[in-house]
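The structure appears below as C-alpha cells.
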Amino acid sequence: MRFAPTAQQVELATAVRELLADACPPETVRAAWGSEGEKARVDLWRQLADLGLLGAVLPEADGGLGLTEVDLVPLMVEVGRAAVPLPVAETVAVLVPLLAGRPGDGDDLTGLVTGNLVGTAELAGSGVLPWAGCSDRALVRSGSELRLVDLTGVPLELVTTVDGSRAAARTPQLPGTLLSTDPADLERAWLRGALATAAQLVGLVHRQLDLAVAHAAARKQFGVPIGSQQAVKHMLADVLLDVRFALPVVQRAAVSLAAGAPEARAHVAAAKAMASRAADRAARTTIQAHGAIGYTVEYDLHLYVKRAWALADTWGSETHSRAVVADSLGLPPAVDPSVLPWEAAR
Amino acid sequence: MRFAPTAQQVELATAVRELLADACPPETVRAAWGSEGEKARVDLWRQLADLGLLGAVLPEADGGLGLTEVDLVPLMVEVGRAAVPLPVAETVAVLVPLLAGRPGDGDDLTGLVTGNLVGTAELAGSGVLPWAGCSDRALVRSGSELRLVDLTGVPLELVTTVDGSRAAARTPQLPGTLLSTDPADLERAWLRGALATAAQLVGLVHRQLDLAVAHAAARKQFGVPIGSQQAVKHMLADVLLDVRFALPVVQRAAVSLAAGAPEARAHVAAAKAMASRAADRAARTTIQAHGAIGYTVEYDLHLYVKRAWALADTWGSETHSRAVVADSLGLPPAVDPSVLPWEAAR
Amino acid sequence: MDLTWSPAEEAFRAEARGWLEANVPRGLPSGDTREGFTAHLEWERKLFADRWAVVSWPERYGGRDASLWEWLIFEEEYYRAGAPQRVTQNGIFLLAPTVFEFGTAEQQDEILPRMAAAEQLWGQGWSEPGAGSDLAAISSRADKVDGGWRINGQKTWTTRGAFCTHLFGLFRTDPEASRHAGLTYLLVPLDTPGVTVRGFGRLDGDEGFAEVFFDDVVVPDSAVLGGVGQGWSVAMATTGSERGLTLRSPGRFLAAAERLRRLAVERAGSLTASARDGVVEAHLRAEAYQLFTLAQVTDLVEGRTPGAESSLNKLYWSELDIALHETALELLGPEAELDGPWSRGHMFSLSGPIYAGTNEIQRSIVAERLLGLPRR
Amino acid sequence: MDLTWSPAEEAFRAEARGWLEANVPRGLPSGDTREGFTAHLEWERKLFADRWAVVSWPERYGGRDASLWEWLIFEEEYYRAGAPQRVTQNGIFLLAPTVFEFGTAEQQDEILPRMAAAEQLWGQGWSEPGAGSDLAAISSRADKVDGGWRINGQKTWTTRGAFCTHLFGLFRTDPEASRHAGLTYLLVPLDTPGVTVRGFGRLDGDEGFAEVFFDDVVVPDSAVLGGVGQGWSVAMATTGSERGLTLRSPGRFLAAAERLRRLAVERAGSLTASARDGVVEAHLRAEAYQLFTLAQVTDLVEGRTPGAESSLNKLYWSELDIALHETALELLGPEAELDGPWSRGHMFSLSGPIYAGTNEIQRSIVAERLLGLPRR
C-alpha cells in the first residue's frame with residue numbers, strides 16, 4: 001500500500017507543467033478561439049511531441065516512455081490546468097494505445113506520436129466531434145464498432161461552441177476504416193477517454209481556484225480584501241474540498257484500469273462523476289468569487305470555466321456516470337413515487 | 001386581486017398566537033413527551049375549544065366561525081409555531097369538515113368541536129397513527145374507503161418516536177365505521193390534512209428561526225456575537241428565504257382548495273413540497289447555528305425541530321408531493337440514463 | 001385573499017396578448033451586438049408606436065397609466081409571447097423611476113418621452129474598476145465649473161454601453177466627504193466631447209459591456225438629478241428598483257419554466273429523474289416567485305413598502321434562474337456545449353448573483369435588516 | 001500508486017475479521033445510557049483481553065504495535081462486523097495520543113494500561129458554557145496551592161461524562177495571560193472531593209452529555225500534562241487527532257454506506273430516484289473519504305504531516321454522514337419518525353459539523369491555511 005505518485009511521476013508532471021506554463025499560457029488558449037491561433041496550436045503540438053508526451057504510452061522499445069494510465073493521470077491534470085486547446089487526451093490516452101496494439105495502422109500511429117498528425121475521438125454518439133477543426137484523424141463509434149476517420153479533405157460543418165477553442169463540427173456518418181468490433185476494445189477506449197477527461201477536470205478546477213484565490217486576496221471592497229470575508233472564504237474552501245476528494249478517486253480509477261480490474265468501469269465512472277461535479281461547482285463558484293470581472297471574456301477565467309463545462313458533460317456526464325456506479329452497486333431500478341398514497345404511480 | 005390576509009384573518013391569528021404563547025409554551029410541549037403532560041394537553045384542548053377553533057369551519061348557524069381553508073392557514077401557522085402537542089390540524093381541518101357534511105355522525109362532531117373528544121387522522125397508510133395516545137377518534141383509510149375508529153378501549157401498541165410528544169401507535173387493521181367510499185371525499189380529506197400540515201411547518205420554521213436569531217445575537221465566541229459572522233448570517237438568511245417563499249404557495253393552495261378548483265391537488269402538493277423542504281433545511285441550519293446548545297434536549301429548539309421532521313414526512317413527503325406536481329405538468333416518466341452510451345439502460 | 005383578476009384587467013390582458021401575438025418578432029439576433037441592437041430598436045419603436053413600451057407611465061409620456069397589476073399582467077404576456085429582452089430596460093426600469101421621483105419638470109419632459117420612444121438610450125454608470133458592489137468607493141469625480149460640472153474618471157460594466165446615447169451615473173462632487181456623502185447623480189450625453197466608450201465582451205462573448213472614460217467632460221448644471229451631494233440617496237431609490245420587482249418580473253421566469261417544461265416533453269427519451277425533478281423545481285420556484293410578487297404588489301398598492309424585502313426577491317430569482325438553466329443543460333446533454341439560447345441563457349443567468357449587489361451582500365442585508373442580526 | 005495489501009496485512013485482516021465475527025455482541029443498548037454504558041464496558045474489556053482494544057499501542061500497554069495501515073484495516077473490519085461505537089474513544093483516541101507525546105513515563109505507565117483495560121474511563125473537559133468553538137475563552141481556573149492546584153469553574157458537553165471516572169481538560173492557571181496563554185492541561189479523577197457531575201440529554205434524549213462543576217477541587221502537581229502554561233499547544237495536538245483520521249476512520253462510513261445500500265435493496269419498492277441517487281452519493285463519498293485517507297496515511301508514513309488538511313477530513317466525513325442518514329430517512333418514509341438506528345444515527349450525525357470546531361471554523365481554516373486567503 002502506497003497511495004501517492006512516485007517521484008518519477010511527480011517529476012514528469014512538473015516538467016509538463018513547466019513546459020505548458022511557457023508554451024500554453026492563457027494567450028495561447030485565447031488565440032485558439034480564432035483562426036489566428038492555428039499556428040500556436042501546431043507549435044504547441046510539436047512541443048508536446050518533442051517532450052515525448054504524445055507517444056508516452058508506447059513501450060520504451062518503440063520510442064515511448066512506457067507509461068500506464070496511472071502515470072498519465074498527473075500529466076492529464078497538467079493538460080487540464082493549462083486548458084491545452086488540442087485533443088491531447090484523445091490522442092495520448094485513447095488513439096495511441098488503441099493503434100499501438102494493431103500492426104496495420106503504423107503510419108497513423110507514427111504520425112500521431114511524432115506530432116505530424118492530431119487525433120480526436122468521440123464515442124458517445126453525440127453527433128458533435130470536438131477538435132474536428134484542428135484534427136487529422138478521428139476515432140468514432142458506429143453501433144459498437146470502432147472506426148478511424150481520415151479527416152483530410154472531409155468537408156466539416158463547424159459549429160459554434162461555448163468554449164470557442166473546441167473547433168467542433170457536426171458529424172453526420174463519417175466514412176472510416178473499421179478498427180475493431182470487439183466490445184472490450186470499445187470499452188477500454190471509452191474508459192481511457194473518460195479517465196483522461198476526469199484528470200483534466202481536476203487540473204481545470206485547480207486553475208480556476210488559483211485565479212479566484214489570487215483575485216479574492218487582491219480585490220478590495222468595503223475597505224478589505226473580499227477574500228477576507230467568510231462568504232468568499234467558505235465558497236472557495238468548498239471548491240478545494242471537492243477537488244481534493246475527487247483526485248484520489250481519479251487515481252484509483254487509473255490503478256484499476258491499468259490493472260485490467262473488473263472494477264475499472266465503476267471506478268472510472270466514480271472518478272468522472274466526482275470530477276464533473278467538482279468542475280461544475282468550481283465554475284459557478286469561481287465566477288461568483290470574481291464578481292463582474294469573472295463575467296467577462298477579457299479576463300482569463302472564462303477560458304478555464306468553459307473548458308470545464310465542455311469536459312464535464314462529455315465522456316459521460318455526472319448523471320450518466322452515477323448510473324454506472326448505481327449499476328455496479330446492484331441497486332434495483334428506481335420506482336416512481338406514488339402520486340397520492342392510494343393511487344399507483346403512473 | 002388582493003393577495004394578503006384580511007384584517008379579520010390577521011386578528012384571529014393574533015388571538016390564537018397570544019393564546020398559545022400563554023397556553024402552549026415550550027414547557028407544555030416538553031411535558032407532553034411524558035405521561036405527566038396529559039392534564040396540560042386536556043386543558044389546552046379545552047382552551048382551543050373555548051376559542052371556537054375546533055369547530056371553526058362549521059357555519060356560524062351551527063355554532064362555528066364559518067371559516068374556509070383560506071382562513072385556517074394563518075391559524076395553522078400559529079399551531080405550528082407553538083408545536084401544539086395535539087392533533088389540531090387533523091380535528092379542525094380534516095375530521096370536522098368531513099363529519100359536518102354527514103348528519104348521522106352528530107355526536108362525534110359535537111364532541112370534537114366542544115373539546116370533549118380529540119380526533120386524529122392518518123390516510124397515508126403508513127401503519128403508524130400519530131396522536132393515538134391522546135385521541136378518542138381516528139380517521140383512517142382502508143383502500144379508498146374512509147373509516148372512523150372509536151379508539152376508546154382499543155388496545156394500542158404505542159411506539160417511541162423521535163418527537164416524543166406524538167403519542168403514536170402502530171395500527172394493525174383498526175375496526176371502524178365506514179364514513180365514505182367516495183374518492184372525492186378521500187381526496188378532499190387528504191388535501192386538507194396536507195395543507196394544514198404545510199401551514200404548521202411554516203410556523204415551525206419561524207419558531208426555529210426566532211430561537212436561532214436570538215441565540216446568534218446573544219452568543220459570543222471569539223469576542224463577537226456569532227450572529228455577526230457572515231457564515232451564520234447567510235445560513236439563517238437562507239432559512240428566511242425558504243419560508244418566505246413557501247408561505248404564499250401555501251396560501252394559494254388554500255384559495256384553490258376553498259374554491260374547489262381542479263388545480264387544488266397540484267397546488268396543495270406544491271405547498272407541501274416547499275414547506276417540507278423549508279422545514280428540513282431550517283432544522284438542520286438552526287441546530288448548526290446553535291452549536292452544541294442546540295444539540296441537547298435541555299434547550300427548547302429540539303421540540304420544534306423534531307415536530308418539523310415528523311410533519312415534513314407525513315401527509316406527503318417532499319418527494320411524493322413533487323411527484324404530484326410532476327404529474328400535473330404532464331411530464332413524461334423519467335428514463336434511466338444509459339449506462340455506457342452503447343448499452344441500453346437496464 | 002383574492003387571486004382573481006377584474007374584468008378590466010382580463011380585458012387588458014386580452015388586448016396585450018392579441019397585440020403581442022400579432023407583432024412579436026421572431027429570431028431577433030442578440031441585442032448585445034451592434035447589429036442586434038439596431039434590430040431591437042425597431043422592436044422598441046414598434047412597442048412605443050402602439051403604446052406598449054411603458055404601459056405604467058402617464059399617457060403624456062407614451063404610457064397607458066396602467067396599474068401595477070396591469071404592469072404585471074403585461075410582463076406575463078410579454079414573456080409568454082416569447083418577446084425579446086428589452087434593450088431599453090436600464091433606462092425605463094432603472095433611470096425612469098428616479099426621474100419620476102427626483103427629476104425636475106424640465107428633466108421629466110426632456111427625458112421620459114425620448115426614452116420611451118427609444119430615441120435616448122440610457123446606460124448605467126455606477127460601477128468603476130475599484131467600486132463594484134461597494135458603490136460608495138466611487139472615485140470618478142465631477143468638479144464644479146461655471147454653469148456646470150467637469151467630469152474625469154472611468155466607469156465600467158455599463159450594460160450595452162457601446163450602443164447607448166446617454167449615461168446616468170454617480171460622481172464624486174465633494175472629494176472631502178467620505179464614502180456615501182459627496183456623491184452626485186449626473187446625466188451625461190455620450191456624445192459630449194471627452195467621453196470615450198469601449199465595448200467589451202460578456203461571458204457569452206457579446207459586446208454587452210462597456211467601459212466609459214471621462215476626460216474633462218463638461219456637463220451643464222441641468223445634468224444634476226436630485227440635488228448636488230444627494231447622489232447616494234437618489235441612487236439607492238434606483239437600486240431598490242433594480243433589485244425589486246421591476247427588473248425581474250415573474251412573467252419572465254414563468255415563461256422560462258414553461259419553455260423548460262416543453263423541452264423536457266420534447267426530449268422525453270433523455271429525461272432522467274434528476275432532470276425531471278429540475279423541471280418540477282423550476283416550475284415550483286417560478287410560481288413561488290410569482291405569488292411572492294403578488295403579495296408584495298398587494299402591499300405596495302396598500303401603501304406598505306417592501307424595503308429590505310427586495311433583497312429576498314433578488315436572491316430568489318437569481319438562483320432560480322441559474323437552477324432552471326442548469327436543468328436545461330442537463331437535458332441537452334452533450335449538446336449543451338453548443339452555442340444556443342439555453343447555453344446563452346445559462347451564462348446570462350450567472351450574472352444574476354453578481355450584479356446589483358452580489359448575493360453575498362443581499363444575504364447580509366436580509367440577516368441584518370429582516371432578521372435583526374448584529375452588524376460586525 | 002500501490003493499492004494492494006501485503007500478505008502480513010492480509011493476515012492481520014483475516015485474524016481481526018475472524019475474532020470480530022466470533023465476538024461482536026448484537027443488540028447492545030445505547031452506550032449513552034447508564035445501563036448501556038455498563039454493557040459496553042463488558043465489550044471493551046473483552047476487546048482488551050484479546051488485545052484488540054488499542055491495536056496501534058505498544059504491547060506493554062495492551063496493544064499490538066500495529067502500523068497505521070493495520071490500524072486502518074482493523075477499523076474497517078471493526079465497523080464492517082457491525083461492532084458497537086467505542087465508549088472509550090475519548091480516552092484512547094483523544095487523550096492517549098497526548099499522553100504518548102507529552103506525558104511523563106509515570107503518567108504513561110499509570111494511565112495508558114488502565115485506559116486500555118477500560119478501568120479508567122476518560123471524559124473530555126474542554127468546552128465551557130462561554131467557550132465552545134472558541135476554546136481560548138476558557139475561564140475555569142486552577143490556582144497554585146502547595147503541591148498541586150485548586151480548580152474552580154465549570155465544564156460542559158462532556159461526552160458520557162456522567163459515566164466516566166476521569167476527566168482531561170484545560171484550565172486557566174495564569175489569569176493575567178490572555179486567551180491562548182496561561183492555560184494548563186490537567187488530569188482530574190472525578191471522585192476528587194468538590195467535583196459534581198450532572199448528566200444531560202443529547203438530541204436523541206440519551207444522557208450522552210454532562211456538566212462538570214469544580215468547587216475547590218485540589219489535584220496534585222502530577223495532574224499536569226505537558227507543563228504548566230503549555231495547555232494550549234498540548235491541547236492542539238489532541239485537536240488534531242479529533243479532527244484527523246483517528247476519530248473518524250473510513251471503515252465507519254464504508255460500513256454505513258453498505259448498510260444504506262442494503263436498506264435500498266430491501267426496500268426496492270419505495271426506492272425513488274432521489275433516494276437511489278443518495279445511495280450512490282453515499283457510496284461515492286465514503287470511498288472518496290477512504291481513498292483520501294489512504295493518501296494521507298501514505299504521507300504520514302513517509303513523514304509528511306497533514307496539518308490543516310485535517311480540516312478537510314472533518315468537513316468531508318461530517319457532511320457525508322448527514323447526507324447518508326438523510327437518504328436513509330427518505331427510504332424509510334413515514335417510518336423515519338420512529339425511534340431506531342437510522343433516526344438515531346441521523347441525530348448523531350448532526351453533531352458532526354458542530355463538535356471539535358464547527359464546520360464554519362474548519363472552512364475558514366481551509367481558506368486561510370490551505371488556500372492562503374487573508375484573515376480579517
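Letters for chains follow the order of the C-alpha cells (A, B, ...), residue numbers begin at 1 for each chain, and ligand numbers begin at 1 in the order shown.
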
Problem set entry | Selection: 9 Å around region 64-78 of chain C, only C-alpha atoms, excl. self and same-chain fewer than 3 positions, as a ChimeraX atom specification | /B:1 /C:5,9-10,12-13,16-17,20,24,51-52,54-61,81-84,249-252,254-255,294,297-298,300-301

Please produce a file of the residues just selected, as an mmCIF file, in the first residue's frame, where the atoms kept are N, CA and C atoms.
```cif
data_model
loop_
_atom_site.group_PDB
_atom_site.id
_atom_site.type_symbol
_atom_site.label_atom_id
_atom_site.label_comp_id
_atom_site.auth_asym_id
_atom_site.auth_seq_id
_atom_site.Cartn_x
_atom_site.Cartn_y
_atom_site.Cartn_z
ATOM 1 N N MET B 1 -57.874 41.110 -7.374
ATOM 2 C CA MET B 1 -56.575 40.610 -6.906
ATOM 3 C C MET B 1 -56.195 41.318 -5.613
ATOM 4 N N TRP C 5 -58.640 38.134 -11.290
ATOM 5 C CA TRP C 5 -58.468 39.426 -11.971
ATOM 6 C C TRP C 5 -59.841 40.013 -12.289
ATOM 7 N N GLU C 9 -59.087 44.067 -15.962
ATOM 8 C CA GLU C 9 -57.730 43.516 -16.038
ATOM 9 C C GLU C 9 -57.672 42.387 -17.072
ATOM 10 N N GLU C 10 -58.713 41.578 -17.092
ATOM 11 C CA GLU C 10 -58.746 40.498 -18.090
ATOM 12 C C GLU C 10 -58.790 41.076 -19.503
ATOM 13 N N PHE C 12 -57.550 43.963 -20.397
ATOM 14 C CA PHE C 12 -56.204 44.478 -20.654
ATOM 15 C C PHE C 12 -55.291 43.339 -21.096
ATOM 16 N N ARG C 13 -55.401 42.209 -20.401
ATOM 17 C CA ARG C 13 -54.576 41.054 -20.752
ATOM 18 C C ARG C 13 -54.874 40.584 -22.182
ATOM 19 N N ALA C 16 -53.377 42.991 -24.676
ATOM 20 C CA ALA C 16 -51.921 42.843 -24.749
ATOM 21 C C ALA C 16 -51.553 41.559 -25.483
ATOM 22 N N ARG C 17 -52.231 40.486 -25.127
ATOM 23 C CA ARG C 17 -51.912 39.206 -25.745
ATOM 24 C C ARG C 17 -52.139 39.251 -27.258
ATOM 25 N N LEU C 20 -49.415 41.357 -28.911
ATOM 26 C CA LEU C 20 -48.112 40.689 -28.890
ATOM 27 C C LEU C 20 -48.075 39.526 -29.876
ATOM 28 N N VAL C 24 -44.939 40.277 -32.132
ATOM 29 C CA VAL C 24 -43.622 39.892 -31.602
ATOM 30 C C VAL C 24 -42.730 39.375 -32.733
ATOM 31 N N ARG C 51 -48.069 52.120 -28.042
ATOM 32 C CA ARG C 51 -48.200 52.416 -26.614
ATOM 33 C C ARG C 51 -48.073 51.182 -25.708
ATOM 34 N N TRP C 52 -47.124 50.304 -26.059
ATOM 35 C CA TRP C 52 -46.827 49.172 -25.185
ATOM 36 C C TRP C 52 -45.414 49.262 -24.598
ATOM 37 N N VAL C 54 -44.125 51.472 -22.392
ATOM 38 C CA VAL C 54 -44.031 51.860 -20.976
ATOM 39 C C VAL C 54 -45.451 51.940 -20.417
ATOM 40 N N VAL C 55 -46.094 50.792 -20.323
ATOM 41 C CA VAL C 55 -47.531 50.788 -20.023
ATOM 42 C C VAL C 55 -47.886 51.495 -18.729
ATOM 43 N N SER C 56 -46.970 51.450 -17.745
ATOM 44 C CA SER C 56 -47.331 52.021 -16.442
ATOM 45 C C SER C 56 -47.081 53.532 -16.366
ATOM 46 N N TRP C 57 -46.539 54.121 -17.446
ATOM 47 C CA TRP C 57 -46.259 55.560 -17.419
ATOM 48 C C TRP C 57 -47.515 56.350 -17.794
ATOM 49 N N PRO C 58 -47.494 57.648 -17.443
ATOM 50 C CA PRO C 58 -48.618 58.504 -17.862
ATOM 51 C C PRO C 58 -48.749 58.546 -19.380
ATOM 52 N N GLU C 59 -49.961 58.801 -19.821
ATOM 53 C CA GLU C 59 -50.206 58.832 -21.267
ATOM 54 C C GLU C 59 -49.363 59.876 -21.976
ATOM 55 N N ARG C 60 -49.122 61.005 -21.278
ATOM 56 C CA ARG C 60 -48.394 62.079 -21.972
ATOM 57 C C ARG C 60 -46.962 61.691 -22.304
ATOM 58 N N TYR C 61 -46.425 60.658 -21.647
ATOM 59 C CA TYR C 61 -45.074 60.189 -21.979
ATOM 60 C C TYR C 61 -45.120 58.920 -22.826
ATOM 61 N N ALA C 81 -45.334 35.456 -24.684
ATOM 62 C CA ALA C 81 -45.347 35.548 -26.147
ATOM 63 C C ALA C 81 -43.954 35.331 -26.728
ATOM 64 N N GLY C 82 -42.959 35.162 -25.859
ATOM 65 C CA GLY C 82 -41.591 34.975 -26.358
ATOM 66 C C GLY C 82 -40.991 36.254 -26.904
ATOM 67 N N ALA C 83 -41.464 37.391 -26.411
ATOM 68 C CA ALA C 83 -40.921 38.672 -26.889
ATOM 69 C C ALA C 83 -39.512 38.860 -26.361
ATOM 70 N N PRO C 84 -38.705 39.627 -27.081
ATOM 71 C CA PRO C 84 -37.281 39.721 -26.728
ATOM 72 C C PRO C 84 -37.024 40.574 -25.480
ATOM 73 N N SER C 249 -39.525 40.665 -13.557
ATOM 74 C CA SER C 249 -40.935 40.376 -13.338
ATOM 75 C C SER C 249 -41.146 38.866 -13.369
ATOM 76 N N PRO C 250 -42.105 38.381 -12.600
ATOM 77 C CA PRO C 250 -42.341 36.936 -12.539
ATOM 78 C C PRO C 250 -42.628 36.335 -13.907
ATOM 79 N N GLY C 251 -43.244 37.116 -14.786
ATOM 80 C CA GLY C 251 -43.591 36.599 -16.108
ATOM 81 C C GLY C 251 -42.398 35.999 -16.817
ATOM 82 N N ARG C 252 -41.255 36.621 -16.614
ATOM 83 C CA ARG C 252 -40.052 36.126 -17.259
ATOM 84 C C ARG C 252 -39.707 34.700 -16.828
ATOM 85 N N LEU C 254 -41.800 32.534 -15.257
ATOM 86 C CA LEU C 254 -42.889 31.622 -15.607
ATOM 87 C C LEU C 254 -42.719 31.147 -17.042
ATOM 88 N N ALA C 255 -42.390 32.084 -17.927
ATOM 89 C CA ALA C 255 -42.213 31.723 -19.335
ATOM 90 C C ALA C 255 -41.017 30.789 -19.506
ATOM 91 N N LEU C 294 -47.006 38.825 -6.074
ATOM 92 C CA LEU C 294 -48.400 39.272 -5.940
ATOM 93 C C LEU C 294 -48.650 39.799 -4.522
ATOM 94 N N VAL C 297 -46.938 43.192 -4.331
ATOM 95 C CA VAL C 297 -47.658 44.256 -5.029
ATOM 96 C C VAL C 297 -48.904 44.647 -4.228
ATOM 97 N N THR C 298 -49.536 43.667 -3.612
ATOM 98 C CA THR C 298 -50.662 43.995 -2.733
ATOM 99 C C THR C 298 -50.199 44.967 -1.649
ATOM 100 N N LEU C 300 -47.644 46.995 -1.756
ATOM 101 C CA LEU C 300 -47.335 48.289 -2.373
ATOM 102 C C LEU C 300 -48.606 49.080 -2.638
ATOM 103 N N VAL C 301 -49.599 48.389 -3.203
ATOM 104 C CA VAL C 301 -50.854 49.043 -3.556
ATOM 105 C C VAL C 301 -51.527 49.590 -2.298
#
```

Problem set entry | Non-local contacts of Asp134 (chain D) (10 Å; only C-alpha atoms; under 5 positions in same chain excluded) as a list of chain:residue names |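 Once the nearby chain positions are removed, what remains is B:Lys220, B:Gln221, B:Phe222, B:Gly223, D:Ser127, D:Glu128, D:Arg179, D:Gly357, D:Thr358, D:Ile361.
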
Problem set entry | Close residues, Pro175 (chain A) itself excluded, 12 Å, only C-alpha atoms, min 3 positions apart in chain, as a list of chain:residue names |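 That gives A:Arg137, A:Ala138, A:Leu139, A:Val140, A:Arg141, A:Ser142, A:Leu146, A:Arg147, A:Leu148, A:Val149, A:Asp150, A:Leu151, A:Thr152, A:Gly153, A:Val154, A:Pro155, A:Thr171, A:Pro172, A:Leu178.
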
Could those selected residues go to a file with N, CA, C and O atoms, as an mmCIF file, in the first residue's frame?
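Everything below was put into result14.cif:
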```
data_model
loop_
_atom_site.group_PDB
_atom_site.id
_atom_site.type_symbol
_atom_site.label_atom_id
_atom_site.label_comp_id
_atom_site.auth_asym_id
_atom_site.auth_seq_id
_atom_site.Cartn_x
_atom_site.Cartn_y
_atom_site.Cartn_z
ATOM 1 N N ARG A 137 -7.210 13.023 -37.766
ATOM 2 C CA ARG A 137 -7.834 11.711 -37.642
ATOM 3 C C ARG A 137 -8.875 11.790 -36.538
ATOM 4 O O ARG A 137 -8.733 12.578 -35.598
ATOM 5 N N ALA A 138 -9.896 10.954 -36.664
ATOM 6 C CA ALA A 138 -10.915 10.911 -35.611
ATOM 7 C C ALA A 138 -11.324 9.480 -35.364
ATOM 8 O O ALA A 138 -11.602 8.735 -36.303
ATOM 9 N N LEU A 139 -11.364 9.122 -34.085
ATOM 10 C CA LEU A 139 -11.900 7.813 -33.701
ATOM 11 C C LEU A 139 -13.381 8.018 -33.404
ATOM 12 O O LEU A 139 -13.734 8.864 -32.590
ATOM 13 N N VAL A 140 -14.213 7.245 -34.115
ATOM 14 C CA VAL A 140 -15.653 7.373 -33.871
ATOM 15 C C VAL A 140 -16.233 5.973 -33.687
ATOM 16 O O VAL A 140 -15.578 4.965 -33.922
ATOM 17 N N ARG A 141 -17.477 5.970 -33.251
ATOM 18 C CA ARG A 141 -18.157 4.713 -32.999
ATOM 19 C C ARG A 141 -19.382 4.646 -33.898
ATOM 20 O O ARG A 141 -20.065 5.645 -34.080
ATOM 21 N N SER A 142 -19.599 3.482 -34.529
ATOM 22 C CA SER A 142 -20.939 3.295 -35.096
ATOM 23 C C SER A 142 -21.456 1.985 -34.543
ATOM 24 O O SER A 142 -20.830 0.943 -34.700
ATOM 25 N N LEU A 146 -15.626 0.353 -33.633
ATOM 26 C CA LEU A 146 -14.723 1.500 -33.613
ATOM 27 C C LEU A 146 -14.220 1.741 -35.032
ATOM 28 O O LEU A 146 -13.774 0.816 -35.709
ATOM 29 N N ARG A 147 -14.276 2.999 -35.464
ATOM 30 C CA ARG A 147 -13.791 3.326 -36.801
ATOM 31 C C ARG A 147 -12.830 4.495 -36.731
ATOM 32 O O ARG A 147 -13.000 5.393 -35.919
ATOM 33 N N LEU A 148 -11.840 4.486 -37.603
ATOM 34 C CA LEU A 148 -10.894 5.592 -37.675
ATOM 35 C C LEU A 148 -11.173 6.375 -38.960
ATOM 36 O O LEU A 148 -11.221 5.817 -40.051
ATOM 37 N N VAL A 149 -11.354 7.672 -38.817
ATOM 38 C CA VAL A 149 -11.703 8.519 -39.955
ATOM 39 C C VAL A 149 -10.519 9.412 -40.303
ATOM 40 O O VAL A 149 -9.931 10.039 -39.417
ATOM 41 N N ASP A 150 -10.155 9.432 -41.577
ATOM 42 C CA ASP A 150 -9.155 10.390 -42.056
ATOM 43 C C ASP A 150 -9.908 11.670 -42.402
ATOM 44 O O ASP A 150 -10.709 11.700 -43.343
ATOM 45 N N LEU A 151 -9.683 12.710 -41.608
ATOM 46 C CA LEU A 151 -10.474 13.939 -41.791
ATOM 47 C C LEU A 151 -9.980 14.798 -42.953
ATOM 48 O O LEU A 151 -10.646 15.763 -43.335
ATOM 49 N N THR A 152 -8.805 14.449 -43.499
ATOM 50 C CA THR A 152 -8.248 15.240 -44.598
ATOM 51 C C THR A 152 -9.254 15.291 -45.747
ATOM 52 O O THR A 152 -9.691 14.254 -46.231
ATOM 53 N N GLY A 153 -9.580 16.472 -46.116
ATOM 54 C CA GLY A 153 -10.465 16.611 -47.270
ATOM 55 C C GLY A 153 -11.931 16.359 -46.984
ATOM 56 O O GLY A 153 -12.777 16.557 -47.850
ATOM 57 N N VAL A 154 -12.253 15.913 -45.767
ATOM 58 C CA VAL A 154 -13.675 15.728 -45.446
ATOM 59 C C VAL A 154 -14.271 17.105 -45.161
ATOM 60 O O VAL A 154 -13.727 17.847 -44.346
ATOM 61 N N PRO A 155 -15.350 17.466 -45.873
ATOM 62 C CA PRO A 155 -15.947 18.779 -45.597
ATOM 63 C C PRO A 155 -16.604 18.748 -44.214
ATOM 64 O O PRO A 155 -17.399 17.861 -43.924
ATOM 65 N N THR A 171 -21.130 15.836 -37.068
ATOM 66 C CA THR A 171 -20.630 14.652 -37.768
ATOM 67 C C THR A 171 -21.771 13.752 -38.196
ATOM 68 O O THR A 171 -22.170 12.857 -37.465
ATOM 69 N N PRO A 172 -22.304 14.032 -39.367
ATOM 70 C CA PRO A 172 -23.174 13.021 -39.957
ATOM 71 C C PRO A 172 -22.249 11.843 -40.251
ATOM 72 O O PRO A 172 -21.025 11.992 -40.251
ATOM 73 N N LEU A 178 -12.706 0.418 -40.438
ATOM 74 C CA LEU A 178 -13.055 -0.371 -39.265
ATOM 75 C C LEU A 178 -11.796 -0.717 -38.478
ATOM 76 O O LEU A 178 -10.829 -1.238 -39.031
#
```

Exercise. Near chain C, which residues of chain A fall within 8 Å when you count only C-alpha atoms, and what do they look like as a PyMOL selection string?
Worked result: chain A and resi 126+128+159-163+220-222+231+284+287-288+291-292+294-298+302+309-310+313-314+317+319

Exercise. Near Ala13 (chain B), counting only C-alpha atoms, which residues have an atom at most 7 Å away, once you skip same-chain residues fewer than 2 positions from it, shown as a PyMOL selection string?
Worked result: chain B and resi 9-11+15-17+74-75+78

Could the residues in this selection be saved with N, CA, C and O atoms as a compact mmCIF listing (two decimals), in the first residue's frame?
```txt
# COMPACT_ATOMS: atom_id res chain seq x y z
N GLN B 9 -58.63 38.01 9.35
CA GLN B 9 -57.76 36.83 9.43
C GLN B 9 -56.55 37.12 10.31
O GLN B 9 -56.14 36.29 11.13
N VAL B 10 -55.99 38.31 10.13
CA VAL B 10 -54.83 38.69 10.94
C VAL B 10 -55.21 38.74 12.41
O VAL B 10 -54.48 38.25 13.29
N GLU B 11 -56.40 39.29 12.66
CA GLU B 11 -56.86 39.45 14.04
C GLU B 11 -57.04 38.08 14.72
O GLU B 11 -56.59 37.88 15.84
N ALA B 15 -54.99 36.43 17.85
CA ALA B 15 -55.64 35.92 19.06
C ALA B 15 -55.14 34.51 19.37
O ALA B 15 -54.82 34.19 20.52
N VAL B 16 -55.06 33.68 18.35
CA VAL B 16 -54.58 32.31 18.57
C VAL B 16 -53.13 32.33 19.02
O VAL B 16 -52.72 31.60 19.93
N ARG B 17 -52.37 33.20 18.40
CA ARG B 17 -50.95 33.28 18.76
C ARG B 17 -50.78 33.68 20.23
O ARG B 17 -49.97 33.10 20.95
N PRO B 74 -53.54 30.88 8.37
CA PRO B 74 -52.82 31.61 9.43
C PRO B 74 -52.98 30.97 10.82
O PRO B 74 -52.07 31.03 11.64
N LEU B 75 -54.12 30.33 11.06
CA LEU B 75 -54.31 29.68 12.36
C LEU B 75 -53.39 28.48 12.50
O LEU B 75 -52.77 28.25 13.55
N GLU B 78 -49.93 29.31 13.34
CA GLU B 78 -49.74 29.55 14.78
C GLU B 78 -49.67 28.23 15.56
O GLU B 78 -48.88 28.10 16.50
```
